[in-house]
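Here is structure_34.pdb, consisting of PDB, C-alpha atoms:
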ATOM      1  CA  MET A   1       8.682  -4.911 -26.242  1.00  0.00           C
ATOM      2  CA  LEU A   2       5.689  -6.890 -25.007  1.00  0.00           C
ATOM      3  CA  ASN A   3       2.596  -6.929 -27.163  1.00  0.00           C
ATOM      4  CA  GLU A   4      -0.604  -5.831 -25.453  1.00  0.00           C
ATOM      5  CA  THR A   5      -2.263  -9.262 -25.591  1.00  0.00           C
ATOM      6  CA  LEU A   6       0.627 -10.980 -23.796  1.00  0.00           C
ATOM      7  CA  PHE A   7       0.882  -8.095 -21.341  1.00  0.00           C
ATOM      8  CA  ASN A   8      -2.801  -8.399 -20.391  1.00  0.00           C
ATOM      9  CA  GLU A   9      -2.496 -12.175 -20.038  1.00  0.00           C
ATOM     10  CA  LEU A  10       0.378 -11.703 -17.602  1.00  0.00           C
ATOM     11  CA  ILE A  11      -1.715  -9.279 -15.576  1.00  0.00           C
ATOM     12  CA  TYR A  12      -4.617 -11.744 -15.421  1.00  0.00           C
ATOM     13  CA  VAL A  13      -2.175 -14.340 -14.068  1.00  0.00           C
ATOM     14  CA  TRP A  14      -0.928 -11.809 -11.507  1.00  0.00           C
ATOM     15  CA  ILE A  15      -4.508 -11.049 -10.443  1.00  0.00           C
ATOM     16  CA  PHE A  16      -5.250 -14.770 -10.117  1.00  0.00           C
ATOM     17  CA  ILE A  17      -2.188 -15.245  -7.888  1.00  0.00           C
ATOM     18  CA  GLY A  18      -3.301 -12.298  -5.730  1.00  0.00           C
ATOM     19  CA  ILE A  19      -6.752 -13.835  -5.289  1.00  0.00           C
ATOM     20  CA  ILE A  20      -5.201 -17.188  -4.332  1.00  0.00           C
ATOM     21  CA  ILE A  21      -2.859 -15.483  -1.856  1.00  0.00           C
ATOM     22  CA  PHE A  22      -5.720 -13.655  -0.128  1.00  0.00           C
ATOM     23  CA  PRO A  23      -7.146 -16.542   1.968  1.00  0.00           C
ATOM     24  CA  ILE A  24      -3.645 -17.829   2.724  1.00  0.00           C
ATOM     25  CA  MET A  25      -2.714 -14.503   4.314  1.00  0.00           C
ATOM     26  CA  PHE A  26      -5.337 -15.037   7.015  1.00  0.00           C
ATOM     27  CA  PHE A  27      -3.202 -17.898   8.322  1.00  0.00           C
ATOM     28  CA  VAL A  28       0.291 -16.491   7.706  1.00  0.00           C
ATOM     29  CA  LYS A  29       1.384 -13.439   9.687  1.00  0.00           C
ATOM     30  CA  PRO A  30       4.347 -11.703   8.002  1.00  0.00           C
ATOM     31  CA  PRO A  31       6.874 -11.393  10.838  1.00  0.00           C
ATOM     32  CA  TYR A  32       7.538  -7.675  11.061  1.00  0.00           C
ATOM     33  CA  GLY A  33       6.353  -4.895  13.344  1.00  0.00           C
ATOM     34  CA  ARG A  34       4.449  -6.249  16.318  1.00  0.00           C
ATOM     35  CA  HIS A  35       4.460  -9.720  14.747  1.00  0.00           C
ATOM     36  CA  THR A  36       8.258  -9.925  14.405  1.00  0.00           C
ATOM     37  CA  ARG A  37       9.752 -13.375  14.917  1.00  0.00           C
ATOM     38  CA  LYS A  38      13.355 -14.510  14.633  1.00  0.00           C
ATOM     39  CA  ASN A  39      12.663 -17.828  12.908  1.00  0.00           C
ATOM     40  CA  TRP A  40      12.403 -16.290   9.436  1.00  0.00           C
ATOM     41  CA  GLY A  41      16.146 -16.042   8.866  1.00  0.00           C
ATOM     42  CA  ALA A  42      18.544 -13.110   8.824  1.00  0.00           C
ATOM     43  CA  LEU A  43      17.357  -9.729  10.100  1.00  0.00           C
ATOM     44  CA  ILE A  44      18.228  -6.205   8.979  1.00  0.00           C
ATOM     45  CA  ASN A  45      17.529  -2.750  10.361  1.00  0.00           C
ATOM     46  CA  ASN A  46      13.827  -1.910  10.076  1.00  0.00           C
ATOM     47  CA  LYS A  47      14.292   1.571   8.554  1.00  0.00           C
ATOM     48  CA  LEU A  48      16.790   0.336   5.981  1.00  0.00           C
ATOM     49  CA  GLY A  49      14.607  -2.651   5.163  1.00  0.00           C
ATOM     50  CA  TRP A  50      11.572  -0.417   4.682  1.00  0.00           C
ATOM     51  CA  ILE A  51      13.414   1.848   2.241  1.00  0.00           C
ATOM     52  CA  ILE A  52      14.833  -1.092   0.278  1.00  0.00           C
ATOM     53  CA  MET A  53      11.487  -2.848  -0.069  1.00  0.00           C
ATOM     54  CA  GLU A  54       9.325   0.208  -0.872  1.00  0.00           C
ATOM     55  CA  PHE A  55      11.683   2.079  -3.200  1.00  0.00           C
ATOM     56  CA  PRO A  56      11.247  -0.337  -6.169  1.00  0.00           C
ATOM     57  CA  ALA A  57       7.568   0.663  -6.448  1.00  0.00           C
ATOM     58  CA  LEU A  58       8.762   4.215  -7.097  1.00  0.00           C
ATOM     59  CA  ALA A  59      11.887   3.513  -9.152  1.00  0.00           C
ATOM     60  CA  VAL A  60      10.522   0.733 -11.376  1.00  0.00           C
ATOM     61  CA  PHE A  61       7.314   2.620 -12.115  1.00  0.00           C
ATOM     62  CA  MET A  62       9.226   5.794 -13.049  1.00  0.00           C
ATOM     63  CA  PHE A  63      11.761   3.907 -15.162  1.00  0.00           C
ATOM     64  CA  PHE A  64       9.215   2.154 -17.364  1.00  0.00           C
ATOM     65  CA  PHE A  65       6.922   5.168 -17.537  1.00  0.00           C
ATOM     66  CA  LEU A  66       9.662   7.600 -18.552  1.00  0.00           C
ATOM     67  CA  LYS A  67      11.304   5.285 -21.080  1.00  0.00           C
ATOM     68  CA  GLY A  68       8.025   4.864 -22.980  1.00  0.00           C
ATOM     69  CA  LYS A  69       6.149   7.381 -25.071  1.00  0.00           C
ATOM     70  CA  THR A  70       7.261  10.965 -24.623  1.00  0.00           C
ATOM     71  CA  ASN A  71       3.986  12.560 -25.750  1.00  0.00           C
ATOM     72  CA  GLN A  72       1.845  11.557 -22.810  1.00  0.00           C
ATOM     73  CA  SER A  73      -1.342  13.480 -22.214  1.00  0.00           C
ATOM     74  CA  PHE A  74      -1.788  15.824 -19.269  1.00  0.00           C
ATOM     75  CA  VAL A  75      -4.181  13.319 -17.682  1.00  0.00           C
ATOM     76  CA  VAL A  76      -1.621  10.505 -17.750  1.00  0.00           C
ATOM     77  CA  TRP A  77       0.884  12.796 -16.052  1.00  0.00           C
ATOM     78  CA  ILE A  78      -1.683  13.248 -13.286  1.00  0.00           C
ATOM     79  CA  PHE A  79      -1.709   9.450 -12.843  1.00  0.00           C
ATOM     80  CA  PHE A  80       2.082   9.581 -12.736  1.00  0.00           C
ATOM     81  CA  GLY A  81       1.973  12.314 -10.112  1.00  0.00           C
ATOM     82  CA  PHE A  82      -0.443  10.411  -7.877  1.00  0.00           C
ATOM     83  CA  TRP A  83       1.776   7.327  -7.901  1.00  0.00           C
ATOM     84  CA  VAL A  84       5.065   9.177  -7.386  1.00  0.00           C
ATOM     85  CA  PHE A  85       3.654  11.425  -4.659  1.00  0.00           C
ATOM     86  CA  HIS A  86       2.502   8.398  -2.678  1.00  0.00           C
ATOM     87  CA  TYR A  87       5.663   6.331  -3.049  1.00  0.00           C
ATOM     88  CA  PHE A  88       8.118   9.187  -2.565  1.00  0.00           C
ATOM     89  CA  ASN A  89       6.568   9.642   0.860  1.00  0.00           C
ATOM     90  CA  ARG A  90       6.293   5.909   1.507  1.00  0.00           C
ATOM     91  CA  SER A  91       9.821   4.943   0.529  1.00  0.00           C
ATOM     92  CA  ILE A  92      11.891   8.005   1.418  1.00  0.00           C
ATOM     93  CA  ILE A  93      10.117  10.323   3.878  1.00  0.00           C
ATOM     94  CA  TYR A  94       8.059   7.960   6.041  1.00  0.00           C
ATOM     95  CA  PRO A  95      10.872   5.565   7.120  1.00  0.00           C
ATOM     96  CA  PHE A  96      12.909   8.409   8.617  1.00  0.00           C
ATOM     97  CA  ARG A  97       9.924   9.634  10.604  1.00  0.00           C
ATOM     98  CA  THR A  98       9.269   6.313  12.318  1.00  0.00           C
ATOM     99  CA  LYS A  99      10.636   5.649  15.806  1.00  0.00           C
ATOM    100  CA  THR A 100      11.993   2.169  15.136  1.00  0.00           C
ATOM    101  CA  ALA A 101      15.736   2.658  15.659  1.00  0.00           C
ATOM    102  CA  ASN A 102      16.243  -0.651  17.474  1.00  0.00           C
ATOM    103  CA  LYS A 103      13.811  -2.783  15.487  1.00  0.00           C
ATOM    104  CA  GLN A 104      14.645  -5.293  12.798  1.00  0.00           C
ATOM    105  CA  ILE A 105      12.833  -7.006   9.945  1.00  0.00           C
ATOM    106  CA  PRO A 106      13.559 -10.398   8.315  1.00  0.00           C
ATOM    107  CA  PHE A 107      15.430 -10.010   5.041  1.00  0.00           C
ATOM    108  CA  LEU A 108      13.083 -12.585   3.510  1.00  0.00           C
ATOM    109  CA  ILE A 109      10.155 -10.173   4.011  1.00  0.00           C
ATOM    110  CA  VAL A 110      12.181  -7.394   2.398  1.00  0.00           C
ATOM    111  CA  PHE A 111      13.009  -9.649  -0.568  1.00  0.00           C
ATOM    112  CA  LEU A 112       9.377 -10.664  -1.075  1.00  0.00           C
ATOM    113  CA  ALA A 113       8.282  -7.020  -0.871  1.00  0.00           C
ATOM    114  CA  ILE A 114      10.906  -6.020  -3.460  1.00  0.00           C
ATOM    115  CA  PHE A 115       9.445  -8.613  -5.826  1.00  0.00           C
ATOM    116  CA  PHE A 116       5.860  -7.516  -5.138  1.00  0.00           C
ATOM    117  CA  ASN A 117       6.581  -3.803  -5.527  1.00  0.00           C
ATOM    118  CA  SER A 118       8.705  -4.314  -8.626  1.00  0.00           C
ATOM    119  CA  ILE A 119       5.965  -6.280 -10.390  1.00  0.00           C
ATOM    120  CA  ASN A 120       3.293  -3.723  -9.575  1.00  0.00           C
ATOM    121  CA  GLY A 121       5.570  -0.820 -10.454  1.00  0.00           C
ATOM    122  CA  PHE A 122       6.392  -2.482 -13.772  1.00  0.00           C
ATOM    123  CA  ILE A 123       2.860  -3.361 -14.890  1.00  0.00           C
ATOM    124  CA  ASN A 124       1.526   0.101 -14.106  1.00  0.00           C
ATOM    125  CA  GLY A 125       4.483   2.086 -15.439  1.00  0.00           C
ATOM    126  CA  TYR A 126       4.691  -0.023 -18.611  1.00  0.00           C
ATOM    127  CA  TYR A 127       0.957   0.196 -19.210  1.00  0.00           C
ATOM    128  CA  PHE A 128       0.751   3.965 -18.910  1.00  0.00           C
ATOM    129  CA  ALA A 129       3.838   4.336 -21.104  1.00  0.00           C
ATOM    130  CA  ASN A 130       2.719   2.025 -23.905  1.00  0.00           C
ATOM    131  CA  PHE A 131      -0.817   0.641 -23.903  1.00  0.00           C
ATOM    132  CA  HIS A 132      -3.239   3.009 -22.213  1.00  0.00           C
ATOM    133  CA  PRO A 133      -6.254   4.363 -24.094  1.00  0.00           C
ATOM    134  CA  GLN A 134      -6.356   8.001 -25.122  1.00  0.00           C
ATOM    135  CA  TYR A 135      -7.027   9.917 -21.918  1.00  0.00           C
ATOM    136  CA  ASP A 136      -7.927  13.311 -23.325  1.00  0.00           C
ATOM    137  CA  ILE A 137      -8.839  16.319 -21.217  1.00  0.00           C
ATOM    138  CA  SER A 138     -12.484  15.182 -21.034  1.00  0.00           C
ATOM    139  CA  TRP A 139     -11.336  12.391 -18.680  1.00  0.00           C
ATOM    140  CA  LEU A 140     -10.924  15.027 -15.969  1.00  0.00           C
ATOM    141  CA  TYR A 141     -14.694  15.382 -15.693  1.00  0.00           C
ATOM    142  CA  ASP A 142     -15.521  11.724 -16.264  1.00  0.00           C
ATOM    143  CA  ILE A 143     -17.384  10.351 -13.231  1.00  0.00           C
ATOM    144  CA  ARG A 144     -14.759   7.604 -12.848  1.00  0.00           C
ATOM    145  CA  PHE A 145     -11.941  10.106 -12.569  1.00  0.00           C
ATOM    146  CA  ILE A 146     -13.877  12.320 -10.163  1.00  0.00           C
ATOM    147  CA  ILE A 147     -14.963   9.507  -7.818  1.00  0.00           C
ATOM    148  CA  GLY A 148     -11.619   7.719  -8.038  1.00  0.00           C
ATOM    149  CA  SER A 149      -9.646  10.892  -7.321  1.00  0.00           C
ATOM    150  CA  ILE A 150     -11.792  11.640  -4.273  1.00  0.00           C
ATOM    151  CA  MET A 151     -11.227   8.088  -3.026  1.00  0.00           C
ATOM    152  CA  PHE A 152      -7.467   8.292  -3.665  1.00  0.00           C
ATOM    153  CA  ILE A 153      -6.973  11.680  -2.008  1.00  0.00           C
ATOM    154  CA  PHE A 154      -9.262  10.881   0.925  1.00  0.00           C
ATOM    155  CA  GLY A 155      -7.564   7.495   1.407  1.00  0.00           C
ATOM    156  CA  MET A 156      -4.105   9.046   1.271  1.00  0.00           C
ATOM    157  CA  LEU A 157      -5.147  11.685   3.806  1.00  0.00           C
ATOM    158  CA  ILE A 158      -6.475   9.029   6.191  1.00  0.00           C
ATOM    159  CA  ASN A 159      -3.310   6.962   5.742  1.00  0.00           C
ATOM    160  CA  ARG A 160      -0.996   9.924   6.412  1.00  0.00           C
ATOM    161  CA  LEU A 161      -2.930  11.199   9.438  1.00  0.00           C
ATOM    162  CA  ALA A 162      -3.134   7.713  10.958  1.00  0.00           C
ATOM    163  CA  ASP A 163       0.603   7.237  10.413  1.00  0.00           C
ATOM    164  CA  ASN A 164       1.201  10.545  12.192  1.00  0.00           C
ATOM    165  CA  ASP A 165      -0.938   9.430  15.119  1.00  0.00           C
ATOM    166  CA  LEU A 166       1.008   6.172  15.418  1.00  0.00           C
ATOM    167  CA  ILE A 167       4.384   7.901  15.122  1.00  0.00           C
ATOM    168  CA  ASN A 168       3.432  10.402  17.841  1.00  0.00           C
ATOM    169  CA  LEU A 169       1.989   7.734  20.121  1.00  0.00           C
ATOM    170  CA  ARG A 170       5.369   7.108  21.742  1.00  0.00           C
ATOM    171  CA  LYS A 171       7.264   9.805  23.568  1.00  0.00           C
ATOM    172  CA  PRO A 172      11.034  10.106  22.923  1.00  0.00           C
ATOM    173  CA  GLY A 173      12.834   7.100  24.342  1.00  0.00           C
ATOM    174  CA  GLU A 174       9.699   5.019  24.832  1.00  0.00           C
ATOM    175  CA  ILE A 175       9.408   1.513  23.449  1.00  0.00           C
ATOM    176  CA  GLY A 176       6.547  -0.938  23.275  1.00  0.00           C
ATOM    177  CA  TYR A 177       2.989  -0.468  22.084  1.00  0.00           C
ATOM    178  CA  LYS A 178       0.057   1.614  23.289  1.00  0.00           C
ATOM    179  CA  ILE A 179      -3.607   1.827  22.395  1.00  0.00           C
ATOM    180  CA  PRO A 180      -4.166   4.608  19.854  1.00  0.00           C
ATOM    181  CA  ASN A 181      -7.109   6.762  20.922  1.00  0.00           C
ATOM    182  CA  THR A 182      -7.189   9.615  18.426  1.00  0.00           C
ATOM    183  CA  GLN A 183     -10.311  10.363  16.395  1.00  0.00           C
ATOM    184  CA  LEU A 184      -9.215   8.224  13.449  1.00  0.00           C
ATOM    185  CA  PHE A 185      -8.789   5.223  15.745  1.00  0.00           C
ATOM    186  CA  LYS A 186     -12.102   5.723  17.529  1.00  0.00           C
ATOM    187  CA  ASN A 187     -13.983   3.110  15.501  1.00  0.00           C
ATOM    188  CA  ILE A 188     -11.277   0.969  13.876  1.00  0.00           C
ATOM    189  CA  SER A 189      -7.887  -0.420  14.869  1.00  0.00           C
ATOM    190  CA  CYS A 190      -6.173   0.192  11.512  1.00  0.00           C
ATOM    191  CA  PRO A 191      -7.261   3.418   9.790  1.00  0.00           C
ATOM    192  CA  ASN A 192      -3.831   3.567   8.151  1.00  0.00           C
ATOM    193  CA  HIS A 193      -4.629   0.273   6.393  1.00  0.00           C
ATOM    194  CA  ALA A 194      -8.164   1.379   5.560  1.00  0.00           C
ATOM    195  CA  GLY A 195      -6.768   4.534   3.976  1.00  0.00           C
ATOM    196  CA  GLU A 196      -4.223   2.597   1.936  1.00  0.00           C
ATOM    197  CA  MET A 197      -6.842   0.216   0.543  1.00  0.00           C
ATOM    198  CA  LEU A 198      -9.204   3.090  -0.264  1.00  0.00           C
ATOM    199  CA  GLU A 199      -6.348   4.922  -1.954  1.00  0.00           C
ATOM    200  CA  TRP A 200      -5.471   2.141  -4.402  1.00  0.00           C
ATOM    201  CA  VAL A 201      -9.048   1.137  -5.121  1.00  0.00           C
ATOM    202  CA  GLY A 202      -9.522   4.803  -5.954  1.00  0.00           C
ATOM    203  CA  PHE A 203      -6.503   4.705  -8.258  1.00  0.00           C
ATOM    204  CA  ALA A 204      -8.020   1.716 -10.075  1.00  0.00           C
ATOM    205  CA  VAL A 205     -11.270   3.661 -10.498  1.00  0.00           C
ATOM    206  CA  LEU A 206      -9.723   6.957 -11.616  1.00  0.00           C
ATOM    207  CA  THR A 207      -7.504   5.245 -14.208  1.00  0.00           C
ATOM    208  CA  TRP A 208     -10.058   2.540 -15.061  1.00  0.00           C
ATOM    209  CA  SER A 209      -7.163   0.231 -15.962  1.00  0.00           C
ATOM    210  CA  LEU A 210      -6.354  -3.453 -15.556  1.00  0.00           C
ATOM    211  CA  PRO A 211      -2.873  -2.968 -13.998  1.00  0.00           C
ATOM    212  CA  ALA A 212      -4.270  -0.586 -11.371  1.00  0.00           C
ATOM    213  CA  LEU A 213      -7.024  -3.104 -10.609  1.00  0.00           C
ATOM    214  CA  ALA A 214      -4.373  -5.782 -10.151  1.00  0.00           C
ATOM    215  CA  PHE A 215      -2.509  -3.574  -7.704  1.00  0.00           C
ATOM    216  CA  ALA A 216      -5.699  -2.820  -5.769  1.00  0.00           C
ATOM    217  CA  ILE A 217      -6.448  -6.548  -5.477  1.00  0.00           C
ATOM    218  CA  TRP A 218      -2.932  -7.278  -4.259  1.00  0.00           C
ATOM    219  CA  THR A 219      -3.107  -4.398  -1.768  1.00  0.00           C
ATOM    220  CA  ILE A 220      -6.320  -5.769  -0.276  1.00  0.00           C
ATOM    221  CA  SER A 221      -4.932  -9.322  -0.278  1.00  0.00           C
ATOM    222  CA  ASN A 222      -1.971  -8.174   1.805  1.00  0.00           C
ATOM    223  CA  VAL A 223      -3.413  -5.413   3.955  1.00  0.00           C
ATOM    224  CA  LEU A 224      -6.867  -6.670   4.950  1.00  0.00           C
ATOM    225  CA  PRO A 225      -5.630  -9.900   6.636  1.00  0.00           C
ATOM    226  CA  ARG A 226      -2.901  -7.901   8.379  1.00  0.00           C
ATOM    227  CA  SER A 227      -5.512  -5.466   9.682  1.00  0.00           C
ATOM    228  CA  LEU A 228      -7.447  -8.337  11.238  1.00  0.00           C
ATOM    229  CA  SER A 229      -4.207  -9.679  12.760  1.00  0.00           C
ATOM    230  CA  HIS A 230      -3.440  -6.273  14.269  1.00  0.00           C
ATOM    231  CA  HIS A 231      -6.955  -6.032  15.682  1.00  0.00           C
ATOM    232  CA  LYS A 232      -6.698  -9.482  17.250  1.00  0.00           C
ATOM    233  CA  TRP A 233      -3.271  -8.611  18.664  1.00  0.00           C
ATOM    234  CA  TYR A 234      -4.627  -5.455  20.310  1.00  0.00           C
ATOM    235  CA  LYS A 235      -7.525  -7.355  21.881  1.00  0.00           C
ATOM    236  CA  THR A 236      -5.197 -10.097  23.124  1.00  0.00           C
ATOM    237  CA  ASN A 237      -2.568  -7.799  24.592  1.00  0.00           C
ATOM    238  CA  PHE A 238      -4.746  -5.042  26.102  1.00  0.00           C
ATOM    239  CA  GLU A 239      -7.516  -6.010  28.504  1.00  0.00           C
ATOM    240  CA  ASN A 240      -9.016  -2.521  28.283  1.00  0.00           C
ATOM    241  CA  TYR A 241      -9.095  -2.427  24.493  1.00  0.00           C
ATOM    242  CA  PRO A 242     -12.350  -0.756  23.292  1.00  0.00           C
ATOM    243  CA  ALA A 243     -14.880  -3.529  22.767  1.00  0.00           C
ATOM    244  CA  ASN A 244     -16.826  -1.689  20.063  1.00  0.00           C
ATOM    245  CA  ARG A 245     -13.778  -0.974  17.892  1.00  0.00           C
ATOM    246  CA  LYS A 246     -13.625  -2.912  14.619  1.00  0.00           C
ATOM    247  CA  ALA A 247     -10.519  -3.802  12.622  1.00  0.00           C
ATOM    248  CA  VAL A 248     -10.691  -1.812   9.395  1.00  0.00           C
ATOM    249  CA  ILE A 249     -14.279  -0.909   8.425  1.00  0.00           C
ATOM    250  CA  PRO A 250     -16.276   1.048  11.037  1.00  0.00           C
ATOM    251  CA  TYR A 251     -19.185  -0.911  12.562  1.00  0.00           C
ATOM    252  CA  ILE A 252     -18.710  -3.779  10.066  1.00  0.00           C
ATOM    253  CA  LEU A 253     -15.315  -5.543  10.060  1.00  0.00           C
TER     254      LEU A 253
END
Let me see whether you can do it: turn the structure in this file into structure tokens.
Amino acid sequence: MLNETLFNELIYVWIFIGIIIFPIMFFVKPPYGRHTRKNWGALINNKLGWIIMEFPALAVFMFFFLKGKTNQSFVVWIFFGFWVFHYFNRSIIYPFRTKTANKQIPFLIVFLAIFFNSINGFINGYYFANFHPQYDISWLYDIRFIIGSIMFIFGMLINRLADNDLINLRKPGEIGYKIPNTQLFKNISCPNHAGEMLEWVGFAVLTWSLPALAFAIWTISNVLPRSLSHHKWYKTNFENYPANRKAVIPYIL
């Protein structure tokens, strides 16, 4: 079993790596989705790849959480529920809803995502099982829990609704990309990404924990540059793309 000092040191290293990765991601476009390229090695089915790379965030988190202390407080089980609810949808439900039957993803991307999701699943599951402070029932009306929970739930709602809009954008049998024009996409190109970032920043606030902060930093490091890449791609490939639409933050970015 790791001692808490070593555990925290490892998380600080993980945060440092995430901060270093952030500027690099503005110059490296992970080759999947609309940015897919065939020069990144072997390819696998997109749906299968998505399940394989997202499932570790659910499985690893649950494994380390459930093998730890058995007398967790009610509040910590709420944290558990937030995480599992998100990743059960993300790794099991969402892939089967997407219309990507003929698309592929480089296995290298899947492998890197497995590593990323396993690390974040481990540090959060292990922390809440072994090292967390005493979250008694008073935490439920702590301002951090209230604000963070609102951010998490609102972010998850935005993410889910935006995903639905994108899934329903194509009619059966259609391929290719279109300009999303639903209400969520009125001001930004990537509300699904905005929702995801808001969600995990909210989780960091509502748990007020170092591992959740690390995950929020890594989420932003990966998702924000990709949002800007998506926005640029839309503007490049559609002459009639709305000029006033931003990438991920309305009226700002």
Best match for closeness to Ile24 (chain A) among A:Thr182, A:Asn46, A:Asn222, A:Asn71, counting all atoms listed in the file: A:Asn222
Selected residue, from A:Asn117, A:Asn237, A:Ser189, A:Asn89, that lies nearest to Met53 (chain A) when counting all atoms listed in the file: A:Asn117
Residues returned when the PyMOL selection byres ((chain A and resi 136) around 10) runs on this file, as a list in words: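 So the PyMOL selection byres ((chain A and resi 136) around 10) ends up selecting Gln72, Ser73, Phe74, Val75, Val76, Pro133, Gln134, Tyr135, Ile137, Ser138, Trp139 and Leu140 of chain A.
Minimum atom-to-atom distance to Pro95 (chain A), evaluated using only C-alpha atoms, belongs to A:Phe55 out of A:Phe82, A:Tyr127, A:Phe55, A:Phe64.
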Which of A:Phe7, A:Phe122, A:Phe79, A:Trp14 sits closest to Val60 (chain A) [using all atoms listed in the file]: A:Phe122
Resolved residues for the PyMOL selection byres ((chain A and resi 245) around 9) as a ChimeraX atom specification: /A:185-189,231,241-244,246-247,250-251
Residues within 10 Å of (11.2, 7.1, 4.2), counting all atoms listed in the file, listed as a list in words: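 Residues close enough to count: Lys47, Leu48, Trp50, Ile51, Ile52, Glu54, Phe55, Tyr87, Phe88, Asn89, Arg90, Ser91, Ile92, Ile93, Tyr94, Pro95, Phe96, Arg97 and Thr98 of chain A.
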Would you export the selected residues with C-alpha atoms as a PDB file, in the coordinates of the input, please?
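Written output follows (result_2.pdb):
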ATOM      1  CA  LYS A  47      14.292   1.571   8.554  1.00  0.00           C
ATOM      2  CA  LEU A  48      16.790   0.336   5.981  1.00  0.00           C
ATOM      3  CA  TRP A  50      11.572  -0.417   4.682  1.00  0.00           C
ATOM      4  CA  ILE A  51      13.414   1.848   2.241  1.00  0.00           C
ATOM      5  CA  ILE A  52      14.833  -1.092   0.278  1.00  0.00           C
ATOM      6  CA  GLU A  54       9.325   0.208  -0.872  1.00  0.00           C
ATOM      7  CA  PHE A  55      11.683   2.079  -3.200  1.00  0.00           C
ATOM      8  CA  TYR A  87       5.663   6.331  -3.049  1.00  0.00           C
ATOM      9  CA  PHE A  88       8.118   9.187  -2.565  1.00  0.00           C
ATOM     10  CA  ASN A  89       6.568   9.642   0.860  1.00  0.00           C
ATOM     11  CA  ARG A  90       6.293   5.909   1.507  1.00  0.00           C
ATOM     12  CA  SER A  91       9.821   4.943   0.529  1.00  0.00           C
ATOM     13  CA  ILE A  92      11.891   8.005   1.418  1.00  0.00           C
ATOM     14  CA  ILE A  93      10.117  10.323   3.878  1.00  0.00           C
ATOM     15  CA  TYR A  94       8.059   7.960   6.041  1.00  0.00           C
ATOM     16  CA  PRO A  95      10.872   5.565   7.120  1.00  0.00           C
ATOM     17  CA  PHE A  96      12.909   8.409   8.617  1.00  0.00           C
ATOM     18  CA  ARG A  97       9.924   9.634  10.604  1.00  0.00           C
ATOM     19  CA  THR A  98       9.269   6.313  12.318  1.00  0.00           C
TER      20      THR A  98
END
Given only C-alpha atoms as the counted atoms, nearest of A:Phe27, A:Phe85, A:Phe63, A:Phe22 to Ile220 (chain A): A:Phe22
Kindly compute an axis-aligned box around the listed atoms of region 57-61 of chain A, allowing 5 Å on each side, and express its centre and edge lengths in Å to one decimal as AutoDock Vina command-line options.
--center_x 9.6 --center_y 2.4 --center_z -9.3 --size_x 14.6 --size_y 13.6 --size_z 15.7
Pairwise distance for CA of Leu166 (chain A) and CA of Leu184 (chain A), rounded to one decimal in Å: 10.6 Å
Distance criterion (only C-alpha atoms): nearest to Lys69 (chain A) out of A:Phe128, A:Trp200, A:Phe26, A:Tyr141: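 The shortest atom-to-atom distance to Lys69 (chain A) comes from A:Phe128.
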Selection near Phe16 (chain A), 12 Å with all atoms listed in the file, sequence-local residues under 5 positions removed, as a list in words: Glu9, Leu10, Ile11, Ile21, Phe22, Leu213, Ala214, Phe215, Ile217, Trp218 and Ser221 of chain A
CA of Ile78 (chain A) to CA of Phe65 (chain A), straight-line distance in Å: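 CA of Ile78 (chain A) lies at a distance of 12.5 Å from CA of Phe65 (chain A).
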Atomic separation - CA of Ala42 (chain A) relative to CA of Val223 (chain A), Å: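 Distance reported for this atom pair: 23.8 Å.
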